[in-house]
Structures are given as structure tokens and as C-alpha cells.
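Note: the block below is entry-v8.tsv and it holds TSV, C-alpha atoms.
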chain	number	residue	atom	x	y	z
A	1	MET	CA	56.19	-26.93	26.56
A	2	THR	CA	58.08	-28.05	29.67
A	3	GLU	CA	56.86	-30.84	31.95
A	4	THR	CA	56.05	-28.29	34.65
A	5	THR	CA	53.99	-26.20	32.24
A	6	ALA	CA	52.11	-29.27	31.07
A	7	LYS	CA	51.07	-30.00	34.64
A	8	ILE	CA	49.89	-26.41	35.27
A	9	GLU	CA	47.80	-26.02	32.11
A	10	PRO	CA	45.10	-28.63	32.95
A	11	LYS	CA	44.60	-27.06	36.38
A	12	ARG	CA	44.26	-23.62	34.82
A	13	ALA	CA	41.79	-24.97	32.27
A	14	ARG	CA	39.67	-26.50	35.03
A	15	ARG	CA	39.61	-23.19	36.90
A	16	VAL	CA	38.58	-21.30	33.76
A	17	THR	CA	35.88	-23.86	32.94
A	18	ALA	CA	34.43	-23.61	36.46
A	19	LEU	CA	34.44	-19.81	36.25
A	20	GLN	CA	32.64	-19.89	32.90
A	21	ARG	CA	29.97	-22.20	34.31
A	22	ARG	CA	29.31	-19.82	37.18
A	23	ARG	CA	29.00	-16.88	34.81
A	24	LEU	CA	26.64	-18.73	32.48
A	25	ARG	CA	24.18	-19.70	35.16
A	26	VAL	CA	20.94	-17.74	34.86
A	27	PRO	CA	19.85	-16.37	38.25
A	28	ARG	CA	16.35	-17.37	39.29
A	29	THR	CA	13.92	-14.88	40.74
A	30	GLY	CA	14.05	-15.65	44.45
A	31	LEU	CA	10.96	-16.66	46.34
A	32	HIS	CA	11.91	-14.10	48.97
A	33	GLU	CA	11.61	-11.31	46.38
A	34	GLN	CA	8.13	-12.45	45.42
A	35	ALA	CA	7.14	-12.66	49.08
A	36	ALA	CA	8.60	-9.21	49.76
A	37	THR	CA	6.66	-7.71	46.85
A	38	ARG	CA	3.38	-9.13	48.13
A	39	LEU	CA	3.99	-8.12	51.73
A	40	ARG	CA	5.12	-4.64	50.71
A	41	LEU	CA	1.83	-4.08	48.87
A	42	LEU	CA	-0.19	-5.26	51.88
A	43	ILE	CA	1.73	-2.93	54.20
A	44	VAL	CA	1.59	0.11	51.90
A	45	ARG	CA	-2.17	-0.27	51.43
A	46	GLY	CA	-2.82	-0.75	55.11
A	47	ASP	CA	-4.04	-4.34	54.84
A	48	LEU	CA	-1.31	-5.13	57.35
A	49	ALA	CA	-1.69	-2.40	59.94
A	50	PRO	CA	1.12	-0.47	61.66
A	51	GLY	CA	2.28	-2.39	64.72
A	52	GLN	CA	0.66	-5.66	63.60
A	53	GLN	CA	2.58	-8.81	64.46
A	54	LEU	CA	3.84	-10.82	61.52
A	55	ILE	CA	3.48	-14.46	62.54
A	56	GLU	CA	5.84	-16.51	60.37
A	57	THR	CA	3.70	-19.66	60.28
A	58	ASP	CA	0.61	-17.72	59.24
A	59	LEU	CA	2.47	-15.76	56.57
A	60	SER	CA	4.19	-18.87	55.21
A	61	ASP	CA	0.82	-20.56	54.75
A	62	ALA	CA	-0.80	-17.47	53.25
A	63	LEU	CA	2.04	-16.81	50.80
A	64	GLY	CA	2.78	-20.44	49.98
A	65	VAL	CA	6.49	-20.19	50.80
A	66	SER	CA	8.70	-21.78	53.42
A	67	ARG	CA	9.98	-19.84	56.40
A	68	THR	CA	13.48	-19.39	54.95
A	69	PRO	CA	12.48	-17.13	51.99
A	70	LEU	CA	9.89	-15.47	54.23
A	71	ARG	CA	12.58	-14.46	56.70
A	72	GLU	CA	14.69	-13.08	53.85
A	73	ALA	CA	11.66	-11.09	52.67
A	74	LEU	CA	11.16	-9.67	56.16
A	75	LYS	CA	14.83	-8.64	56.31
A	76	GLN	CA	14.44	-6.85	52.97
A	77	LEU	CA	11.34	-5.00	54.16
A	78	ALA	CA	13.11	-4.11	57.39
A	79	SER	CA	15.87	-2.47	55.34
A	80	GLU	CA	13.14	-0.40	53.65
A	81	GLY	CA	11.72	0.76	56.98
A	82	LEU	CA	8.43	-1.12	56.59
A	83	VAL	CA	9.08	-3.94	59.09
A	84	GLU	CA	10.76	-4.05	62.46
A	85	LEU	CA	12.62	-7.23	63.43
A	86	ARG	CA	12.65	-8.10	67.13
A	87	LEU	CA	15.02	-10.47	68.93
A	88	ASN	CA	13.28	-13.73	69.89
A	89	ARG	CA	9.90	-12.21	69.05
A	90	SER	CA	7.71	-11.91	65.97
A	91	ALA	CA	8.49	-9.10	63.55
A	92	ILE	CA	5.94	-6.31	63.35
A	93	VAL	CA	4.80	-3.85	60.72
A	94	ALA	CA	6.73	-0.67	61.46
A	95	PRO	CA	4.52	1.83	63.31
A	96	LEU	CA	3.85	5.25	61.81
A	97	ARG	CA	5.89	7.57	64.01
A	98	ARG	CA	5.25	11.28	63.72
A	99	ASP	CA	8.83	12.55	64.07
A	100	GLU	CA	10.17	10.02	61.58
A	101	LEU	CA	7.48	10.91	59.04
A	102	VAL	CA	8.17	14.63	59.37
A	103	GLU	CA	11.85	14.00	58.57
A	104	LEU	CA	10.95	11.60	55.76
A	105	PHE	CA	8.71	14.10	54.00
A	106	GLU	CA	11.17	16.94	54.50
A	107	ALA	CA	13.67	14.82	52.56
A	108	MET	CA	11.14	13.67	49.94
A	109	SER	CA	9.96	17.23	49.44
A	110	GLY	CA	13.48	18.46	48.73
A	111	ILE	CA	14.23	15.56	46.38
A	112	GLU	CA	11.02	15.92	44.38
A	113	ARG	CA	11.28	19.71	44.25
A	114	CYS	CA	14.76	19.41	42.77
A	115	ALA	CA	13.51	16.71	40.39
A	116	ALA	CA	10.66	18.89	39.14
A	117	GLU	CA	13.03	21.80	38.48
A	118	LEU	CA	15.39	19.58	36.50
A	119	ALA	CA	12.58	17.74	34.71
A	120	THR	CA	11.11	21.02	33.49
A	121	LYS	CA	14.35	21.72	31.64
A	122	ARG	CA	15.07	18.18	30.45
A	123	MET	CA	11.72	16.70	29.48
A	124	VAL	CA	11.02	15.94	25.84
A	125	ALA	CA	7.66	15.75	24.07
A	126	PRO	CA	6.96	12.06	24.86
A	127	ASP	CA	7.60	12.76	28.55
A	128	VAL	CA	4.98	15.50	28.57
A	129	GLU	CA	2.54	13.23	26.77
A	130	ARG	CA	3.06	10.53	29.38
A	131	LEU	CA	2.38	12.92	32.24
A	132	GLU	CA	-0.77	14.15	30.50
A	133	SER	CA	-1.95	10.58	30.06
A	134	LEU	CA	-1.29	9.75	33.70
A	135	GLN	CA	-3.09	12.90	34.82
A	136	ASP	CA	-6.14	11.93	32.76
A	137	ARG	CA	-6.12	8.53	34.42
A	138	ILE	CA	-5.93	9.78	38.01
A	139	GLU	CA	-8.79	12.17	37.34
A	140	TRP	CA	-10.80	9.32	35.81
A	141	HIS	CA	-10.24	7.14	38.88
A	142	HIS	CA	-10.92	10.07	41.21
A	143	ASP	CA	-14.27	10.80	39.57
A	144	ARG	CA	-15.26	7.17	40.09
A	145	GLY	CA	-14.09	6.98	43.68
A	146	GLU	CA	-11.47	4.31	42.88
A	147	LEU	CA	-8.91	5.19	45.53
A	148	ARG	CA	-6.55	2.25	45.12
A	149	ASP	CA	-6.37	2.62	41.34
A	150	TYR	CA	-5.86	6.37	41.79
A	151	PHE	CA	-3.04	5.72	44.23
A	152	GLU	CA	-1.18	3.45	41.82
A	153	ILE	CA	-1.23	6.09	39.08
A	154	ASN	CA	-0.37	8.82	41.56
A	155	GLN	CA	2.81	6.94	42.46
A	156	GLN	CA	3.66	6.54	38.78
A	157	ILE	CA	3.42	10.32	38.32
A	158	HIS	CA	5.80	11.05	41.17
A	159	SER	CA	8.28	8.44	39.95
A	160	ALA	CA	7.99	9.67	36.35
A	161	ILE	CA	8.83	13.26	37.29
A	162	VAL	CA	11.87	12.08	39.22
A	163	GLY	CA	12.89	9.94	36.25
A	164	PHE	CA	12.48	12.84	33.83
A	165	ALA	CA	15.06	14.80	35.85
A	166	ARG	CA	17.56	12.36	34.32
A	167	ASN	CA	19.79	12.34	37.37
A	168	GLY	CA	20.79	8.86	38.48
A	169	VAL	CA	21.87	9.85	41.98
A	170	LEU	CA	18.61	11.71	42.59
A	171	LYS	CA	16.55	8.77	41.39
A	172	ALA	CA	18.49	6.22	43.44
A	173	THR	CA	18.02	8.29	46.59
A	174	HIS	CA	14.31	8.67	45.85
A	175	ASP	CA	13.93	4.92	45.28
A	176	VAL	CA	15.38	4.15	48.72
A	177	LEU	CA	12.84	6.36	50.50
A	178	LEU	CA	9.86	5.60	48.28
A	179	PRO	CA	8.45	2.48	50.05
A	180	ARG	CA	8.06	4.35	53.36
A	181	ALA	CA	6.62	7.40	51.63
A	182	GLU	CA	4.11	5.30	49.67
A	183	ARG	CA	2.54	3.96	52.85
A	184	ALA	CA	2.13	7.43	54.33
A	185	ARG	CA	0.73	8.80	51.07
A	186	PHE	CA	-1.93	6.11	50.92
A	187	PHE	CA	-2.79	6.85	54.54
A	188	ALA	CA	-3.05	10.58	53.77
A	189	LEU	CA	-5.39	10.09	50.81
A	190	SER	CA	-7.90	8.41	53.12
A	191	VAL	CA	-8.12	11.61	55.20
A	192	HIS	CA	-11.28	13.54	54.41
A	193	GLY	CA	-10.77	16.20	51.74
A	194	ARG	CA	-7.16	15.37	50.92
A	195	TRP	CA	-8.01	13.34	47.83
A	196	ASP	CA	-9.78	16.24	46.12
A	197	GLU	CA	-7.00	18.60	47.16
A	198	SER	CA	-4.37	16.24	45.77
A	199	VAL	CA	-6.02	16.13	42.33
A	200	ARG	CA	-6.04	19.93	42.10
A	201	GLU	CA	-2.39	20.12	43.14
A	202	HIS	CA	-1.41	17.59	40.46
A	203	GLN	CA	-3.21	19.68	37.83
A	204	GLU	CA	-1.22	22.76	38.85
A	205	ILE	CA	2.08	20.87	38.87
A	206	LEU	CA	1.47	19.51	35.37
A	207	ALA	CA	0.57	22.97	34.08
A	208	ALA	CA	3.82	24.42	35.47
A	209	LEU	CA	5.88	21.60	33.96
A	210	LYS	CA	4.27	22.08	30.55
A	211	ALA	CA	4.80	25.84	30.76
A	212	GLY	CA	8.51	25.33	31.39
A	213	ASP	CA	8.33	27.21	34.68
A	214	ALA	CA	10.96	25.32	36.68
A	215	ASP	CA	10.72	27.47	39.80
A	216	ARG	CA	6.94	27.17	40.03
A	217	ALA	CA	6.94	23.44	39.24
A	218	GLY	CA	9.51	22.84	41.96
A	219	ARG	CA	7.68	24.92	44.54
A	220	LEU	CA	4.33	23.27	43.78
A	221	LEU	CA	5.64	19.72	43.92
A	222	GLY	CA	7.70	20.43	47.04
A	223	HIS	CA	4.62	21.89	48.76
A	224	HIS	CA	2.46	18.97	47.56
A	225	VAL	CA	4.82	16.45	49.17
A	226	ARG	CA	5.22	18.43	52.40
A	227	ARG	CA	1.45	18.84	52.62
A	228	THR	CA	1.03	15.07	52.59
A	229	GLY	CA	3.54	14.72	55.41
A	230	ASP	CA	1.81	17.42	57.45
A	231	ILE	CA	-1.57	15.73	57.07
A	232	VAL	CA	-0.21	12.38	58.23
A	233	ALA	CA	1.54	14.00	61.21
A	234	ASP	CA	-1.57	15.97	62.21
A	235	THR	CA	-3.78	12.88	61.90
A	236	LEU	CA	-1.42	10.86	64.09
A	237	ASP	CA	-1.46	13.67	66.67
A	238	THR	CA	-5.26	13.73	66.65
A	239	ARG	CA	-5.54	9.97	67.12
A	240	LYS	CA	-2.98	10.01	69.91
A	241	ALA	CA	-4.89	12.77	71.72
A	242	ALA	CA	-8.25	11.01	71.35
A	243	PRO	CA	-9.49	9.33	74.59

In C-alpha cells, how does this file's structure come out?
Amino acid sequence: MTETTAKIEPKRARRVTALQRRRLRVPRTGLHEQAATRLRLLIVRGDLAPGQQLIETDLSDALGVSRTPLREALKQLASEGLVELRLNRSAIVAPLRRDELVELFEAMSGIERCAAELATKRMVAPDVERLESLQDRIEWHHDRGELRDYFEINQQIHSAIVGFARNGVLKATHDVLLPRAERARFFALSVHGRWDESVREHQEILAALKAGDADRAGRLLGHHVRRTGDIVADTLDTRKAAP
């Protein structure tokens, strides 16, 4: 080993050691992720209403986090379309805008229709059993008037069908739009008569999936999603027209 090489080797070793330390560090779950999860749930369920101001001091106290992770959480929710950030003003819960929702549910309808068609061909026995179990649970919650519990299972059904399509690109696209769609779906279920209608539609979708009828399963799920969007849009129109 030459003198020059001897001088280089310790430096290289130090660089490698530093790199290894960085790779070995276990990432901690950020406080901003926990805050975002909690706020997302409050927005989706309507506990934080569309257009409501999000006062940082109040939210920091309520969530038990400092303003730095809270601001990161708000940025994350803004990227999901649930929060609107405003320059030199408090952020607000994103309003429900009719035209945006129509476009959102057009896209969701196409994605979930495609997913149902693919899932019909690619599901295996355990997948069918899971959907049957989830269907039993939403009917159980429906019969007892447990809307929030019903909603949680309802979302699991939609996500499961998309997952059973076994198409990573389709699922990733669906995941991006899902937070905004969840809020509108919860809003729609509170509209008189929609909850009962939704249960019947889910029964028909499951029957088509089990029968292996890809075309029918796709049409039913696509219609089910579009119907939700139409109800939200019509309800917003009615409220806007009200004196």
C-alpha cells in the first residue's frame, strides 16, 4: 500500500461508516402523520365542517402537538384535497364544490368499474369469503342504525374490490382520490333514503362478483359510485337554492 493510498483509506472508511449509520437508523412515526390521521377522520365524518377555519392554536391544544407537526399535517391534508391553505390566514376545511365533486365521482366511477371487472376474473375463494363477511357486517350495522360503523365497513368493501383487481397502478390512483371521495360518501349516506338504497346496491354487486359476471359487476359498481356523486351534487344544489 502506498503512502497516498494509506491516507485515502481512513477517509473512505469514515464515509462508509457514516452511510451505514444513516441506513441503520429506524424512522420514527412522525407526529404530523398522527395529527393528519386524526384530522382526516374529523373532516371525513363532518365533525370539522366544510369551510370551517382551522385555528392552529386550538388544534395544537386539542391534538397535543406543537404547531410545527400540525402545519405539516395540514400540508399533507391539503395535498389530499381536504384542506385549503391560505396566505397569511388560517387554513380551512375544503368546501364541497359541486363541479369538483362531479368530476371526482366520474373518475372514481370509472376506476371502480374497471376494478370490479378485473376483480371478477382474478378473485380467489378467500377474497369472496372476505367480501361476504364484510357484506354481513354492513347489513348488521344498517339494521341497527349504526351509520358510522356501517361507513367504515363500506369503505373497506370498496377498497377490497379495488385490491382484488390486483393492479398496482389502479390501486395507487384510487388511493390518491379516496380521502376526498370518503367525505362525500359519508355526506351522501346521511341523505334520506340513500342508506337503504346503498345496502341493496352492495348486495347486487356482491352477487354479480360471485357469479363471475364481470360486465354486470362493473356496471353495478360504476353506477353505485356515480349515484353517490349525483346525490351529493343534487343536495348541494338544493341547499344553495334554499332561502

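Each of A:Ile161, A:Ala172, A:Leu147, A:Leu236 was compared to Lys121 of chain A using only C-alpha atoms, and A:Ile161 turns out to be the nearest.
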
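Near His223 of chain A, within 9 Å and counting only C-alpha atoms, sit Ser109, Arg113, Gly218 and Thr228 of chain A; same-chain residues fewer than 5 positions away were not included.
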
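Atom pair atom CA of Met108 of chain A / atom CA of Glu201 of chain A has a distance of 16.5 Å (rounded to one decimal).
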
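Minimum atom-to-atom distance to Thr68 of chain A, evaluated using only C-alpha atoms, belongs to A:Ala35 out of A:Ala35, A:Ala208, A:Val124, A:Ala188.
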
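Residues lying within 12 Å of (4.9, 24.7, 29.1). Counted over all atoms listed in the file, they are Ala119, Thr120, Lys121, Met123, Val124, Ala125, Val128, Glu129, Glu204, Ile205, Leu206, Ala207, Ala208, Leu209, Lys210, Ala211, Gly212, Asp213, Ala214, Arg216 and Ala217 of chain A.
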
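Take atom CA of Glu139 of chain A and atom CA of Val232 of chain A: the distance between them is 22.6 Å.
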
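Proximity to Ala165 of chain A was assessed for A:Arg180, A:Arg40, A:Arg185, A:Arg122 counting only C-alpha atoms; the smallest distance is recorded for A:Arg122.
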
Quiz item: Distance atom CA of Gly30 of chain A-atom CA of Leu77 of chain A, one decimal place?
Solution: 14.7 Å

Practice problem: Have a look at A:Arg86, A:His32, A:Arg98, A:His174 and name the one nearest to Glu72 of chain A; count only C-alpha atoms. | Solution: A:His32

Exercise. Write out as an MDAnalysis selection string which residues come within 10 Å of segment 46-58 of chain A when counting only C-alpha atoms, dropping same-chain ones fewer than 4 positions away.
Key: chainID A and resid 39:42 62:68 70:71 74 82:85 89:97 183:184 186:187

Quiz item: From the list A:Arg148, A:His224, A:Arg45, A:His158, which residue is nearest Leu134 of chain A when using only C-alpha atoms?
Solution: A:His158
